Amino acid sequence: MPVQLSYAFVVLIWSTTPLTIVWSSSTMAPTTSVLLRMLLALVLAAIVVTFSRIKMRWTKTAWLLYAYSGGGIFIGMMLSYLASRTVPSGVISLVFGLAPIISGVLAQKLLGEEKLTFIKKSALGLALVGMFLVCFTQLQELNLEPLGLIFVVLATINFSISGILVKRVNISIHPMATTFGSLLVATPCFFIMWLLSGAPFEIDSWSEKSMLSTFYLGIFGSFFGFLAYFHILQKLKASTVALTTLITPGLAMTLGALINNEIITPLLLVGTITIILSLALYQFGGSWKSIHLIKRKAR
């Protein structure tokens, strides 16, 4: 699959994932919902690996890759599902939009990338202002519990760290093998978490929307979504991969408002625009400056 197509698919999946997470856990316990999602994805991955005869790697380096990616899946998903009980889907996507900046800051230390320029530092400051406005709206105007926002922020940081750690592993491996190996690591963790939580498994209480959302997340959000994600992660820079979150917040918030009747207050809208502008400045500010300097020299 062309990397451009994988990139577009990731954007589409991530735009719809927050809303379907909210739906899937509306009548299921979060630990039950995410466990069923991962089990479905694991079974699909096992079938594809077996019948496609994709070569799995079981070396120490390969297991390190699976551990980084699978651990990131487990922590990030678990926190996101816990947050979905109180935080609107659009806000979940919006907070995840900070991943490019977090990835850029961490990449300095973990990947040895260049230090932040003045423009990128300014973008970081602007992002913090936008994040403050979003959190203020959620806590003051919508009276939401702060714990849910904390879960989302921690999930975003985990997402960024996991992506960078995966990039540090020097191994050539098929994205499908990475997906299967990651699910092998993550799924038992979800099962243990489900057992420890004592969540009920009462199928009669599950709504049709929750079950369909769980199937969607298992097939598209996890199986195809992870496959496309690991594909672009191998081919593109970590910060470029995280750029997908520049597009998804607006789409996710629109879907949440239109389909799930989520409230978008004026202050939340201002915070959203501020974060998106900060991401645009972070990613393209240097290019804009270079173009401006070239035009000045041309004169």
# chains A, B, ... in the order shown; residues from 1 in each chain; ligands from 1
$ closest_atom_pairs --of "stretch 160-182 of chain A" --to "stretch 35-58 of chain A" --cutoff "8 Å" --atoms "only C-alpha atoms" --output "tab-separated table"
residue	atom	partner	partner_atom	distance
A:Ile173	CA	A:Arg57	CA	7.5
A:His174	CA	A:Ile54	CA	7.6
A:Met176	CA	A:Val49	CA	7.1
A:Ala177	CA	A:Met56	CA	5.6
A:Thr179	CA	A:Ala45	CA	7.2
A:Phe180	CA	A:Ala45	CA	5.5
$ closest_atom_pairs --of "stretch 125-235 of chain A" --to "stretch 80-93 of chain A" --cutoff "7 Å" --atoms "only C-alpha atoms" --output "CSV"
residue,atom,partner,partner_atom,distance
A:Leu144,CA,A:Thr86,CA,6.6
A:Glu145,CA,A:Thr86,CA,6.9
A:Gly148,CA,A:Ala83,CA,4.4
A:Leu149,CA,A:Ala83,CA,6.8
A:Phe151,CA,A:Ala83,CA,5.7
A:Val152,CA,A:Ser80,CA,5.9
A:Ala155,CA,A:Ser80,CA,6.3
$ write_last_selection --atoms "C-alpha atoms" --output "PDB file, in the first residue's frame"
ATOM      1  CA  LEU A 144     -16.497  17.899  33.813  1.00  0.00           C
ATOM      2  CA  GLU A 145     -14.275  15.919  36.161  1.00  0.00           C
ATOM      3  CA  GLY A 148     -10.759  12.549  32.588  1.00  0.00           C
ATOM      4  CA  LEU A 149      -8.649  15.364  31.134  1.00  0.00           C
ATOM      5  CA  PHE A 151      -6.148  10.654  31.470  1.00  0.00           C
ATOM      6  CA  VAL A 152      -6.261  12.169  27.968  1.00  0.00           C
ATOM      7  CA  ALA A 155      -2.470   9.098  26.886  1.00  0.00           C
TER       8      ALA A 155
END
$ residues_around --residues "A:Leu65" --least-positions-apart "6" --cutoff "8 Å" --atoms "only C-alpha atoms" --output "ChimeraX atom specification"
/A:166,169,178,182
$ atom_distance --atom1 "atom CA of A:Val153" --atom2 "atom CA of A:Cys135"
10.6 Å
$ residues_around --residues "A:Ser213" --least-positions-apart "4" --cutoff "6 Å" --atoms "only C-alpha atoms" --output "short mmCIF file (atom, residue, chain, number, x, y, z; two decimals) with C-alpha atoms, in the first residue's frame"
data_model
loop_
_atom_site.label_atom_id
_atom_site.label_comp_id
_atom_site.auth_asym_id
_atom_site.auth_seq_id
_atom_site.Cartn_x
_atom_site.Cartn_y
_atom_site.Cartn_z
CA THR A 20 -16.77 5.30 18.56
CA SER A 24 -18.58 1.48 22.62
CA LYS A 209 -24.54 0.89 19.16
#
$ residues_around --residues "A:Trp14" --least-positions-apart "6" --cutoff "12 Å" --atoms "only C-alpha atoms" --output "ChimeraX atom specification"
/A:7-8,20-21,89-90,92-94,96-97,217,220-222,224-226,228-229,242-253,255
$ write_last_selection --atoms "N, CA and C atoms" --output "compact mmCIF listing (two decimals), in the first residue's frame"
# COMPACT_ATOMS: atom_id res chain seq x y z
N TYR A 7 -1.43 7.01 5.07
CA TYR A 7 -1.52 8.26 5.83
C TYR A 7 -2.96 8.78 5.86
N ALA A 8 -3.61 8.78 4.69
CA ALA A 8 -5.01 9.24 4.60
C ALA A 8 -5.93 8.33 5.41
N THR A 20 -16.39 6.70 18.42
CA THR A 20 -16.77 5.30 18.56
C THR A 20 -16.29 4.71 19.89
N ILE A 21 -15.22 5.25 20.44
CA ILE A 21 -14.80 4.83 21.78
C ILE A 21 -15.87 5.22 22.80
N SER A 89 -15.77 13.32 22.84
CA SER A 89 -14.87 12.73 21.84
C SER A 89 -14.04 13.80 21.13
N GLY A 90 -14.66 14.95 20.85
CA GLY A 90 -13.93 16.01 20.16
C GLY A 90 -12.76 16.53 20.97
N ILE A 92 -11.09 14.79 23.24
CA ILE A 92 -10.08 13.74 23.25
C ILE A 92 -9.18 13.87 22.02
N SER A 93 -9.81 14.04 20.86
CA SER A 93 -9.05 14.20 19.63
C SER A 93 -8.21 15.48 19.65
N LEU A 94 -8.77 16.53 20.22
CA LEU A 94 -8.07 17.81 20.26
C LEU A 94 -6.81 17.73 21.12
N PHE A 96 -5.13 15.06 21.78
CA PHE A 96 -4.18 14.24 21.05
C PHE A 96 -3.50 15.04 19.94
N GLY A 97 -4.11 16.17 19.56
CA GLY A 97 -3.49 17.02 18.56
C GLY A 97 -2.18 17.63 19.01
N LEU A 217 -14.14 -0.62 15.90
CA LEU A 217 -12.83 -0.31 16.48
C LEU A 217 -11.87 -1.49 16.37
N PHE A 220 -11.37 -1.87 12.11
CA PHE A 220 -10.77 -0.72 11.45
C PHE A 220 -9.86 0.08 12.38
N GLY A 221 -10.36 0.40 13.58
CA GLY A 221 -9.56 1.21 14.49
C GLY A 221 -8.28 0.54 14.94
N SER A 222 -8.33 -0.77 15.15
CA SER A 222 -7.15 -1.49 15.64
C SER A 222 -6.41 -2.22 14.52
N PHE A 224 -6.75 -2.61 10.92
CA PHE A 224 -6.30 -1.81 9.77
C PHE A 224 -5.63 -0.51 10.21
N GLY A 225 -6.13 0.07 11.29
CA GLY A 225 -5.56 1.32 11.77
C GLY A 225 -4.12 1.16 12.22
N PHE A 226 -3.84 0.11 13.02
CA PHE A 226 -2.47 -0.13 13.47
C PHE A 226 -1.56 -0.48 12.30
N ALA A 228 -1.79 0.49 9.15
CA ALA A 228 -1.46 1.72 8.42
C ALA A 228 -0.54 2.61 9.24
N TYR A 229 -0.77 2.66 10.56
CA TYR A 229 0.05 3.50 11.44
C TYR A 229 1.51 3.04 11.46
N ALA A 242 2.96 12.34 13.50
CA ALA A 242 2.13 13.03 14.49
C ALA A 242 1.35 14.18 13.87
N LEU A 243 1.76 14.64 12.67
CA LEU A 243 1.07 15.73 11.99
C LEU A 243 -0.37 15.36 11.64
N THR A 244 -0.68 14.07 11.59
CA THR A 244 -2.05 13.65 11.31
C THR A 244 -3.03 14.26 12.30
N THR A 245 -2.54 14.53 13.51
CA THR A 245 -3.42 15.09 14.53
C THR A 245 -3.70 16.57 14.31
N LEU A 246 -3.07 17.16 13.31
CA LEU A 246 -3.42 18.54 12.93
C LEU A 246 -4.75 18.57 12.20
N ILE A 247 -5.07 17.46 11.54
CA ILE A 247 -6.28 17.38 10.73
C ILE A 247 -7.46 16.80 11.51
N THR A 248 -7.18 15.81 12.33
CA THR A 248 -8.26 15.05 12.96
C THR A 248 -9.10 15.80 14.00
N PRO A 249 -8.54 16.76 14.79
CA PRO A 249 -9.38 17.40 15.82
C PRO A 249 -10.63 18.07 15.27
N GLY A 250 -10.48 18.83 14.18
CA GLY A 250 -11.64 19.51 13.61
C GLY A 250 -12.69 18.55 13.12
N LEU A 251 -12.25 17.48 12.46
CA LEU A 251 -13.19 16.47 11.98
C LEU A 251 -13.88 15.76 13.13
N ALA A 252 -13.10 15.41 14.15
CA ALA A 252 -13.66 14.69 15.29
C ALA A 252 -14.66 15.55 16.07
N MET A 253 -14.33 16.83 16.26
CA MET A 253 -15.24 17.72 16.98
C MET A 253 -16.53 17.94 16.20
N LEU A 255 -17.92 15.81 14.06
CA LEU A 255 -18.70 14.58 14.17
C LEU A 255 -19.36 14.48 15.54
$ closest_residue --among "A:Met211, A:Leu279, A:Val10, A:Leu133" --to "A:Val22" --atoms "only C-alpha atoms"
A:Met211
$ atom_distance --atom1 "atom CA of A:Ile161" --atom2 "atom CA of A:Met131"
19.4 Å
$ atom_distance --atom1 "atom CA of A:Leu227" --atom2 "atom CA of A:Thr272"
29.0 Å
$ select_by_dssp --residues "stretch 21-252 of chain A" --states "alpha helix (DSSP H)" --output "VMD selection string"
chain A and resid 21 to 24 30 to 52 60 to 83 89 to 96 99 to 110 118 to 136 146 to 168 175 to 197 208 to 216 225 to 235 238 to 242 248 to 252
$ closest_residue --among "A:Leu269, A:Cys189, A:Leu19, A:Ile263" --to "A:Met78" --atoms "only C-alpha atoms"
A:Cys189
